[in-house]
Every structure is written in structure tokens, then in C-alpha cells.
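Engineer: Data file work.txt (compact mmCIF, C-alpha atoms) is appended below.
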# COMPACT_ATOMS: atom_id res chain seq x y z
CA MET A 1 18.00 142.36 80.56
CA SER A 2 21.66 143.39 80.93
CA PHE A 3 23.51 144.98 78.01
CA PRO A 4 27.24 145.04 78.84
CA ALA A 5 29.22 147.44 76.71
CA GLY A 6 32.09 146.45 74.49
CA VAL A 7 35.05 148.57 73.46
CA PRO A 8 34.22 151.70 71.42
CA VAL A 9 35.37 151.48 67.81
CA ALA A 10 37.14 154.57 66.48
CA GLU A 11 38.44 154.11 62.94
CA GLY A 12 36.88 153.75 59.53
CA GLN A 13 33.47 154.45 58.05
CA PHE A 14 30.04 153.06 58.84
CA LEU A 15 28.45 150.94 56.13
CA LEU A 16 24.71 151.15 55.45
CA THR A 17 23.01 148.71 53.09
CA GLY A 18 19.48 149.10 51.77
CA ALA A 19 20.00 152.87 51.91
CA SER A 20 17.24 153.67 49.41
CA GLY A 21 14.51 151.87 51.38
CA TRP A 22 12.22 153.13 54.14
CA PHE A 23 14.57 152.21 56.98
CA GLY A 24 17.70 153.16 55.04
CA ARG A 25 16.53 156.65 54.20
CA THR A 26 15.48 157.08 57.82
CA ALA A 27 18.97 156.02 58.92
CA LEU A 28 20.51 158.70 56.68
CA TRP A 29 18.05 161.31 57.94
CA GLU A 30 18.72 160.52 61.60
CA TYR A 31 22.50 160.57 61.19
CA GLU A 32 22.36 163.95 59.49
CA GLN A 33 20.00 165.31 62.17
CA SER A 34 22.32 164.26 64.99
CA ARG A 35 25.77 164.67 63.41
CA GLY A 36 25.29 167.13 60.57
CA PRO A 37 25.51 166.93 56.78
CA GLU A 38 29.31 166.93 56.56
CA ALA A 39 29.63 164.15 59.11
CA LEU A 40 27.06 162.00 57.31
CA ARG A 41 28.88 162.24 54.00
CA ARG A 42 32.26 161.69 55.69
CA ASP A 43 31.34 158.91 58.12
CA VAL A 44 28.79 156.81 56.22
CA VAL A 45 29.09 154.81 53.01
CA ALA A 46 25.64 154.03 51.63
CA PHE A 47 24.86 151.02 49.45
CA ALA A 48 21.89 150.20 47.24
CA SER A 49 21.22 147.61 44.56
CA THR A 50 22.92 149.90 42.01
CA ALA A 51 24.87 153.16 42.13
CA LYS A 52 22.38 156.00 42.62
CA SER A 53 21.65 159.24 44.44
CA ILE A 54 19.29 158.87 47.39
CA ASP A 55 16.90 161.68 48.19
CA PHE A 56 16.19 161.58 51.92
CA GLY A 57 14.71 165.03 52.32
CA SER A 58 17.97 166.75 53.20
CA ALA A 59 18.37 170.47 52.55
CA HIS A 60 21.94 169.59 51.62
CA GLY A 61 21.00 167.36 48.73
CA PRO A 62 20.91 163.63 48.09
CA MET A 63 23.35 161.01 49.36
CA PRO A 64 25.38 159.02 46.85
CA ALA A 65 25.08 155.25 47.13
CA GLN A 66 27.42 152.62 45.79
CA PRO A 67 26.30 149.26 44.41
CA LEU A 68 26.15 146.56 47.08
CA SER A 69 28.56 144.47 45.00
CA SER A 70 31.36 146.90 45.94
CA ILE A 71 30.92 146.67 49.71
CA THR A 72 33.88 144.36 50.34
CA ALA A 73 36.21 146.96 48.78
CA ILE A 74 35.81 149.35 51.74
CA GLU A 75 38.94 149.26 53.88
CA LYS A 76 38.74 149.13 57.68
CA PRO A 77 35.00 149.76 58.10
CA ARG A 78 33.84 150.82 61.55
CA GLY A 79 30.46 149.11 61.66
CA LEU A 80 27.58 147.80 59.54
CA ILE A 81 23.83 148.45 59.53
CA HIS A 82 22.41 145.89 57.12
CA LEU A 83 18.94 146.79 55.82
CA ALA A 84 19.08 145.45 52.26
CA PHE A 85 16.33 142.90 51.61
CA LEU A 86 13.49 142.44 49.15
CA THR A 87 10.35 142.95 51.19
CA ARG A 88 7.36 140.64 51.10
CA ASP A 89 5.41 142.87 48.69
CA GLN A 90 8.08 142.29 46.00
CA LEU A 91 6.62 138.82 45.58
CA GLN A 92 3.86 140.53 43.60
CA HIS A 93 6.41 141.41 40.93
CA LEU A 94 8.85 138.49 41.06
CA ASP A 95 8.46 134.75 40.84
CA VAL A 96 9.34 132.94 44.05
CA GLU A 97 12.60 131.49 42.70
CA SER A 98 13.90 134.94 41.64
CA TYR A 99 12.86 136.44 44.96
CA ILE A 100 14.75 133.74 46.87
CA ALA A 101 17.83 133.97 44.64
CA THR A 102 18.02 137.77 44.92
CA ASN A 103 17.76 137.82 48.71
CA ARG A 104 20.26 135.01 49.10
CA ALA A 105 22.68 136.86 46.82
CA ILE A 106 22.40 139.86 49.14
CA SER A 107 23.03 137.66 52.19
CA ASP A 108 26.03 136.00 50.51
CA GLN A 109 27.55 139.42 49.79
CA ILE A 110 27.12 140.46 53.41
CA GLU A 111 28.56 137.19 54.67
CA ARG A 112 31.70 137.79 52.60
CA LEU A 113 32.02 141.20 54.23
CA VAL A 114 31.64 139.95 57.81
CA GLU A 115 34.09 137.11 57.17
CA GLN A 116 36.57 139.65 55.83
CA HIS A 117 36.28 141.76 59.01
CA PRO A 118 35.92 139.34 61.96
CA HIS A 119 35.59 142.08 64.61
CA LEU A 120 33.26 144.42 62.72
CA PRO A 121 30.16 145.31 64.82
CA ILE A 122 27.08 144.34 62.82
CA ILE A 123 23.39 145.20 63.18
CA THR A 124 20.48 144.07 61.06
CA THR A 125 16.70 144.28 61.16
CA SER A 126 14.68 141.10 60.93
CA SER A 127 10.94 140.58 61.20
CA GLY A 128 8.40 139.24 63.61
CA ALA A 129 7.52 136.94 60.72
CA ALA A 130 10.69 134.99 61.48
CA ALA A 131 9.55 134.49 65.06
CA ALA A 132 6.07 133.41 63.98
CA LEU A 133 7.48 130.89 61.53
CA GLN A 134 8.26 128.26 64.15
CA ASN A 135 4.57 127.96 64.98
CA GLN A 136 3.38 127.82 61.39
CA GLY A 137 5.38 124.91 60.01
CA GLN A 138 5.84 126.66 56.65
CA GLY A 139 8.77 126.06 54.34
CA LEU A 140 10.73 128.27 51.98
CA LEU A 141 8.28 128.14 49.08
CA GLN A 142 5.23 128.72 51.31
CA ASN A 143 6.72 131.68 53.20
CA PRO A 144 9.99 132.77 51.55
CA TYR A 145 10.12 136.16 53.29
CA ALA A 146 10.01 134.69 56.80
CA VAL A 147 12.37 131.80 56.03
CA LEU A 148 14.95 134.07 54.39
CA LYS A 149 14.79 136.50 57.30
CA GLN A 150 15.40 133.57 59.62
CA GLU A 151 18.40 132.55 57.48
CA GLU A 152 19.91 136.01 57.93
CA GLU A 153 19.41 135.74 61.69
CA HIS A 154 21.38 132.48 61.55
CA LEU A 155 24.09 134.27 59.56
CA TRP A 156 24.42 136.81 62.36
CA ARG A 157 24.55 134.03 64.94
CA ARG A 158 27.28 132.15 63.03
CA HIS A 159 29.52 135.20 62.91
CA ALA A 160 28.95 136.58 66.42
CA GLN A 161 32.18 135.46 68.04
CA GLY A 162 34.47 138.42 68.74
CA ARG A 163 31.94 141.07 67.70
CA MET A 164 28.57 142.59 68.54
CA ALA A 165 26.11 140.79 66.26
CA LEU A 166 22.71 142.32 66.91
CA VAL A 167 19.34 141.52 65.32
CA PHE A 168 16.34 143.78 65.85
CA ARG A 169 13.07 142.04 65.04
CA VAL A 170 10.48 144.53 63.79
CA TYR A 171 6.76 143.81 63.95
CA ALA A 172 5.01 147.02 62.89
CA ALA A 173 6.46 150.47 62.35
CA SER A 174 5.79 154.18 61.98
CA GLY A 175 7.59 157.23 60.70
CA ARG A 176 8.73 159.25 57.71
CA PHE A 177 9.58 157.55 54.40
CA LEU A 178 6.84 154.95 54.87
CA LYS A 179 6.43 153.20 51.53
CA SER A 180 3.14 151.84 50.18
CA PRO A 181 0.95 152.96 53.11
CA LYS A 182 -1.93 150.74 52.01
CA LEU A 183 0.18 147.67 52.87
CA PHE A 184 0.20 148.60 56.56
CA ALA A 185 -2.75 149.44 58.78
CA PHE A 186 -0.85 152.33 60.39
CA GLY A 187 -0.21 154.03 57.05
CA ASP A 188 -3.59 153.13 55.60
CA PHE A 189 -5.44 154.61 58.57
CA VAL A 190 -3.38 157.83 58.47
CA GLU A 191 -3.93 158.18 54.72
CA LYS A 192 -7.69 157.80 55.22
CA ALA A 193 -7.57 160.44 57.96
CA LEU A 194 -5.76 162.85 55.65
CA ASN A 195 -8.52 162.31 53.10
CA GLY A 196 -11.22 162.91 55.74
CA GLN A 197 -12.51 159.34 55.46
CA ALA A 198 -13.90 157.29 58.32
CA ILE A 199 -11.72 154.30 59.16
CA VAL A 200 -13.25 150.89 58.50
CA ILE A 201 -11.91 147.80 60.30
CA LYS A 202 -12.87 144.68 58.40
CA SER A 203 -11.60 141.99 60.77
CA ARG A 204 -14.08 140.67 63.31
CA ARG A 205 -11.22 139.32 65.40
CA PRO A 206 -9.29 141.73 67.63
CA VAL A 207 -6.03 142.58 65.84
CA LEU A 208 -3.02 143.43 68.04
CA ARG A 209 0.26 144.90 66.78
CA SER A 210 3.54 145.97 68.43
CA TYR A 211 4.97 149.21 67.04
CA VAL A 212 8.37 150.87 66.77
CA HIS A 213 9.21 154.35 65.53
CA VAL A 214 11.76 153.76 62.77
CA GLY A 215 13.60 157.00 63.50
CA THR A 216 14.15 155.93 67.10
CA LEU A 217 15.33 152.50 66.00
CA MET A 218 17.85 154.01 63.59
CA LYS A 219 19.12 156.45 66.24
CA LEU A 220 19.72 153.47 68.48
CA CYS A 221 21.54 151.56 65.73
CA TRP A 222 23.94 154.45 65.14
CA ALA A 223 24.55 154.81 68.89
CA LEU A 224 25.30 151.09 69.18
CA LEU A 225 27.80 151.18 66.32
CA ARG A 226 29.64 154.03 68.03
CA GLU A 227 29.72 152.17 71.34
CA PRO A 228 28.94 148.50 70.68
CA LEU A 229 27.54 146.04 73.16
CA ALA A 230 29.82 143.25 74.37
CA PRO A 231 30.75 140.68 71.72
CA GLY A 232 28.20 137.99 71.00
CA PHE A 233 24.82 137.43 69.40
CA GLN A 234 21.76 139.26 70.65
CA GLN A 235 18.24 139.25 69.24
CA ILE A 236 15.89 141.95 70.49
CA ASP A 237 12.27 142.65 69.62
CA ALA A 238 12.11 146.25 68.43
CA CYS A 239 8.91 147.68 69.83
CA THR A 240 7.79 150.28 72.35
CA GLN A 241 4.04 149.75 72.54
CA THR A 242 1.33 147.25 71.69
CA MET A 243 -2.25 148.14 70.81
CA SER A 244 -5.22 146.91 68.88
CA LEU A 245 -6.07 148.28 65.44
CA LEU A 246 -9.35 149.45 66.92
CA GLU A 247 -7.52 151.48 69.57
CA LEU A 248 -5.24 152.92 66.89
CA ALA A 249 -8.21 153.81 64.69
CA GLU A 250 -9.97 155.50 67.59
CA ILE A 251 -6.90 157.63 68.40
CA ILE A 252 -6.47 158.65 64.76
CA SER A 253 -10.16 159.46 64.46
CA GLN A 254 -9.95 161.73 67.51
CA ILE A 255 -6.83 163.57 66.26
CA TRP A 256 -8.34 164.22 62.82
CA HIS A 257 -11.91 164.77 64.08
CA LEU A 258 -13.31 161.86 62.09
CA PRO A 259 -16.45 159.84 62.81
CA ALA A 260 -15.92 156.85 65.08
CA PRO A 261 -14.30 153.87 63.31
CA GLN A 262 -16.69 151.45 61.65
CA HIS A 263 -16.19 147.91 62.93
CA GLU A 264 -17.75 144.69 64.07
CA VAL A 265 -14.90 143.51 66.28
CA ASP A 266 -15.94 140.64 68.54
CA HIS A 267 -13.73 140.60 71.61
CA ASN A 268 -14.82 137.05 72.37
CA LEU A 269 -12.93 135.79 69.32
CA ASP A 270 -9.28 134.79 69.49
CA ALA A 271 -7.07 137.78 68.74
CA ASP A 272 -4.78 138.07 65.71
CA CYS A 273 -1.54 138.84 67.55
CA TYR A 274 1.63 140.06 65.86
CA THR A 275 3.22 141.31 69.04
CA ALA A 276 6.29 141.15 71.25
CA ASP A 277 7.61 142.16 74.67
CA SER A 278 9.02 145.71 74.62
CA THR A 279 11.01 145.38 77.88
CA ALA A 280 14.48 144.72 76.40
CA PHE A 281 14.16 147.36 73.70
CA LEU A 282 12.95 150.04 76.12
CA SER A 283 15.77 149.16 78.50
CA LEU A 284 18.34 149.56 75.74
CA LEU A 285 16.87 152.93 74.73
CA GLN A 286 17.06 154.09 78.33
CA ARG A 287 20.67 152.98 78.68
CA ARG A 288 21.58 154.98 75.57
CA GLN A 289 19.52 157.96 76.79
CA LEU A 290 17.12 157.80 73.86
CA ALA A 291 13.35 158.15 73.96
CA SER A 292 10.70 157.35 71.40
CA PRO A 293 8.17 160.04 70.43
CA ASP A 294 4.69 159.39 71.74
CA LEU A 295 2.06 157.90 69.46
CA LYS A 296 0.53 161.23 68.47
CA GLU A 297 3.95 162.53 67.39
CA GLN A 298 4.53 159.37 65.38
CA LEU A 299 1.17 159.75 63.67
CA LEU A 300 1.79 163.41 62.81
CA GLU A 301 5.27 162.65 61.48
CA THR A 302 3.90 159.87 59.28
CA ALA A 303 1.06 162.12 58.13
CA SER A 304 3.46 164.94 57.26
CA TRP A 305 5.50 162.56 55.11
CA LEU A 306 2.44 161.13 53.35
CA ASN A 307 1.30 164.68 52.58
CA GLN A 308 4.62 165.36 50.85
CA SER A 309 4.90 162.11 48.92
When written as C-alpha cells, how does the structure in this file appear?

Structural biologist:
Amino acid sequence: MSFPAGVPVAEGQFLLTGASGWFGRTALWEYEQSRGPEALRRDVVAFASTAKSIDFGSAHGPMPAQPLSSITAIEKPRGLIHLAFLTRDQLQHLDVESYIATNRAISDQIERLVEQHPHLPIITTSSGAAAALQNQGQGLLQNPYAVLKQEEEHLWRRHAQGRMALVFRVYAASGRFLKSPKLFAFGDFVEKALNGQAIVIKSRRPVLRSYVHVGTLMKLCWALLREPLAPGFQQIDACTQTMSLLELAEIISQIWHLPAPQHEVDHNLDADCYTADSTAFLSLLQRRQLASPDLKEQLLETASWLNQS
């Protein structure tokens, strides 16, 4: 896939929404690692649901965040990374109507911003759930997370003329700041390894997942805001490798010297696939001279974070 470059943008500050979440805190961490603490606090305006200080593990202290409702007051922004969204697990705490209304309010706020700045480069993360939706025939009430993610993708497509409007679809992820590890096999397996427990795979079907290192994704986002792609809409699956949960469990078990994973996986059964083609994403990383850490490094980084949290 070809990724023609647009014109570098020089003025203003970068806007980061969802700064208190897993991906948002990673974005702050990666900017500080590459540009330094002064540059982060000068170049980036962070937004969260309310005004707060965000601890992202910096030796230089937390990052202040403004309420998302104030985002349209920023003059001449340089670019946007939009990560604000109520994740699927929030449906455990909210009724469906409130969940839908809150996420749509976030999207409406962002749409006002992009309408206000018609040439602002914009990047957001979506989900593989949005891609899977077309084969499931589910509506808003049956799968609000996937439908609302798809709506945000359409928002990006509507406002792509004259700007880079880029959507990264994430399937499964690794890295520091992982929240609620038990919700994700990657985190759950690492947590079990840290506790010296054998990994148990309950599914009899082979389960395949495509992974991205969140730190690498955020590095790429910052690089693309500094030197955007050519104007227009692009949707790219954010992943660098695909593997089965059994393969992942075996690798983790070897690293942490655990017994072999317990499983009854039947490879004759149809696989549970939540996967994508990594070609475009890897090509874009290569063009921006970025590389993802190997799987062992990703596992150790995630483990180090879980040990601290």
C-alpha cells in the first residue's frame, strides 16, 4: 500500500483526547520519551472527561488534563489524536441508553472541533469489532460498542476532504498501562504467570488474535501528526502479528518456567478469529522508521506494569 505524504504542519499544539485511558497514558509516555518532559507539556494539550492530573509514570510528575468540553477553545491546533470513548466493559456499570448517549456526546464534541478546523490532521483508534459488525447483523442495542465505533469511523470519512483523516482499527493489544487485565487474554495470561499459575485455555476452538504494541502505535500517531499523510480518509488495521491463544500461552509458560498450558483445543473445529492483515501497518511503520518490540519484550513490558499496578 502506498502512503503519500502531505505537507508538514508547523504551528499550534497537538490535542489528545481520552488522555487518562490506557492508550492516552501511553501516548503521553511515548511523547515524553521521544521529545522530553518540557516538549510534552508545551506541545500537547490533554483532555479527559473532567479536569484532572494524569499520572503516566513520569519522573517529572503528572500531566494536567482539561475537560473535553473545552476542546473547541484551543486556537490553531496542530493535530488531533482522538482516544476518548467508553469501552465495552463500561456497559457493566451503565445502562445501554446512557452508554450510547455518553459516547455520542463525545463524538458530537469532536465533530464540532473538526468542523471548526477543516484542515486539521486527525487520527483515531477504532476496533476490529466495527469490522466484524457487518457479518453479524447486529444493531445498536445488541452491540452498541461496535456500532458506535463504526459511527466514529463514518465521522472521520465525512470530514476527510482537505486533511489526513486516519482510523487505526485495533484488534488486540499489549503494553504498559493495560487496564483490567482479566478482560484480555494477553493480560490475564501474564498475570497468571506472575502469580506462578499454569495457564488454562477453556475454549475448545482454536482462538486467533492479531496484536499491536500500544506504545508503537502511539509513536506512529505522533509521527503522522508531525508529517501527515496526503489528505483523505484512510483506515488501517493496527497489528503486527497474529497468533493463537495456545501459542501465546506456550510462549508465556516458557518465559516464566510454568507447566505447559492446560487445554483441550481441537484444531478440527472452526477457529474463533479476531484477526487482520498486518501488511499496511508494517509498511507504514517501516516508512516512518519505527519498529515494534518483539513479543517477549512486549510481554515483559506488560508484566513490569502489572507488577507496579

Engineer: For each of A:Ser49, A:Thr275, A:Asn103, A:Gln234, take the minimum atom-to-atom distance to A:Leu166, counting only C-alpha atoms, then give the residue where this is smallest.

Structural biologist: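 Comparing A:Ser49, A:Thr275, A:Asn103, A:Gln234 against A:Leu166, the winner is A:Gln234.
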
Engineer: Pick out the closest residue to A:Gly215 from this set: A:Gln109, A:Ser174, A:Ser126, A:Gln13. Count all atoms listed in the file.

Structural biologist: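 Comparing A:Gln109, A:Ser174, A:Ser126, A:Gln13 against A:Gly215, the winner is A:Ser174.
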
Engineer: Residues around (30.8, 141.6, 45.1), cut-off 12 Å, counting all atoms listed in the file - what are they as a list in words?

Structural biologist: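 Residues found, by chain and rising number: Phe47, Ser49, Thr50, Gln66, Pro67, Leu68, Ser69, Ser70, Ile71, Thr72, Ala73, Ile74, Ala105, Ile106, Ser107, Asp108, Gln109, Ile110, Glu111, Arg112 and Leu113 of chain A.
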
Engineer: Ranking A:Leu155, A:Leu40, A:Leu183, A:Ala48 by minimum distance to A:Val167 and counting all atoms listed in the file, which one comes first?

Structural biologist: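 Looking only at the distances to A:Val167, the closest residue turns out to be A:Leu155.
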
Engineer: For the atom pair atom CA of A:Lys52 and atom CA of A:Gly36, what is the interatomic distance in Å to one decimal place?

Structural biologist: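 Taking atom CA of A:Lys52 as the start and atom CA of A:Gly36 as the end point, the length is 21.3 Å.
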
Engineer: I'd like to know which of A:Gln33, A:Ile123, A:Gln298, A:Val96 is closest to A:Leu140, using all atoms listed in the file.

Structural biologist: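 Using all atoms listed in the file, the shortest distance to A:Leu140 belongs to A:Val96.
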
Engineer: Might you pull out every residue within 10 Å of A:Pro261, with all atoms listed in the file counted and same-chain residues fewer than 5 positions away left off, and present them as an NGL selection string?

Structural biologist: :A and (197-201 or 246-254)

Engineer: Taking all atoms listed in the file into account, which of A:Thr240, A:Thr125, A:Ser98, A:Gln286 comes nearest A:Gly24?

Structural biologist: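 So, comparing all the options, the nearest one is A:Thr125.
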
Engineer: So that I can see what lies close to A:Leu28, please list as a JSON list (two decimals) with C-alpha atoms, in the coordinates of the input the residues with an atom at most 10 Å from it, counting only C-alpha atoms and leaving out residues fewer than 4 positions away in the same chain.

Structural biologist:
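Output (result-v3.json):
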[["chain", "number", "residue", "atom", "x", "y", "z"],
["A", 16, "LEU", "CA", 24.71, 151.15, 55.45],
["A", 19, "ALA", "CA", 20.00, 152.87, 51.91],
["A", 20, "SER", "CA", 17.24, 153.67, 49.41],
["A", 23, "PHE", "CA", 14.57, 152.21, 56.98],
["A", 24, "GLY", "CA", 17.70, 153.16, 55.04],
["A", 32, "GLU", "CA", 22.36, 163.95, 59.49],
["A", 33, "GLN", "CA", 20.00, 165.31, 62.17],
["A", 37, "PRO", "CA", 25.51, 166.93, 56.78],
["A", 40, "LEU", "CA", 27.06, 162.00, 57.31],
["A", 41, "ARG", "CA", 28.88, 162.24, 54.00],
["A", 44, "VAL", "CA", 28.79, 156.81, 56.22],
["A", 46, "ALA", "CA", 25.64, 154.03, 51.63],
["A", 54, "ILE", "CA", 19.29, 158.87, 47.39],
["A", 55, "ASP", "CA", 16.90, 161.68, 48.19],
["A", 56, "PHE", "CA", 16.19, 161.58, 51.92],
["A", 57, "GLY", "CA", 14.71, 165.03, 52.32],
["A", 58, "SER", "CA", 17.97, 166.75, 53.20],
["A", 62, "PRO", "CA", 20.91, 163.63, 48.09],
["A", 63, "MET", "CA", 23.35, 161.01, 49.36],
["A", 215, "GLY", "CA", 13.60, 157.00, 63.50],
["A", 218, "MET", "CA", 17.85, 154.01, 63.59],
["A", 219, "LYS", "CA", 19.12, 156.45, 66.24]]

Engineer: What's the separation between atom CA of A:Ala230 and atom CA of A:Pro121, in Å to one decimal place?

Structural biologist: 9.8 Å

Engineer: Please list as a ChimeraX atom specification every residue within 8 Å of A:Ala280, counting all atoms listed in the file and excluding residues in the same chain fewer than 3 positions away.

Structural biologist: /A:1,236-237,277,283-284

Engineer: Go through A:Thr102, A:Met164, A:His263, A:Leu295 and flag the residue nearest A:Leu86, using only C-alpha atoms for the distances.

Structural biologist: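 Nearest to A:Leu86: A:Thr102.
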
Engineer: As an exercise, work out the distance from atom CA of A:Tyr99 to atom CA of A:Ser127 in Å and give it to one decimal place.

Structural biologist: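 Taking atom CA of A:Tyr99 and atom CA of A:Ser127, their separation equals 16.9 Å.
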
Engineer: Neighbourhood query: residues within 9 Å of (12.7, 139.8, 61.3), file coordinates, counting all atoms listed in the file; return as a VMD selection string.

Structural biologist: chain A and resid 124 to 131 146 149 to 150 152 to 153 167 to 171 237
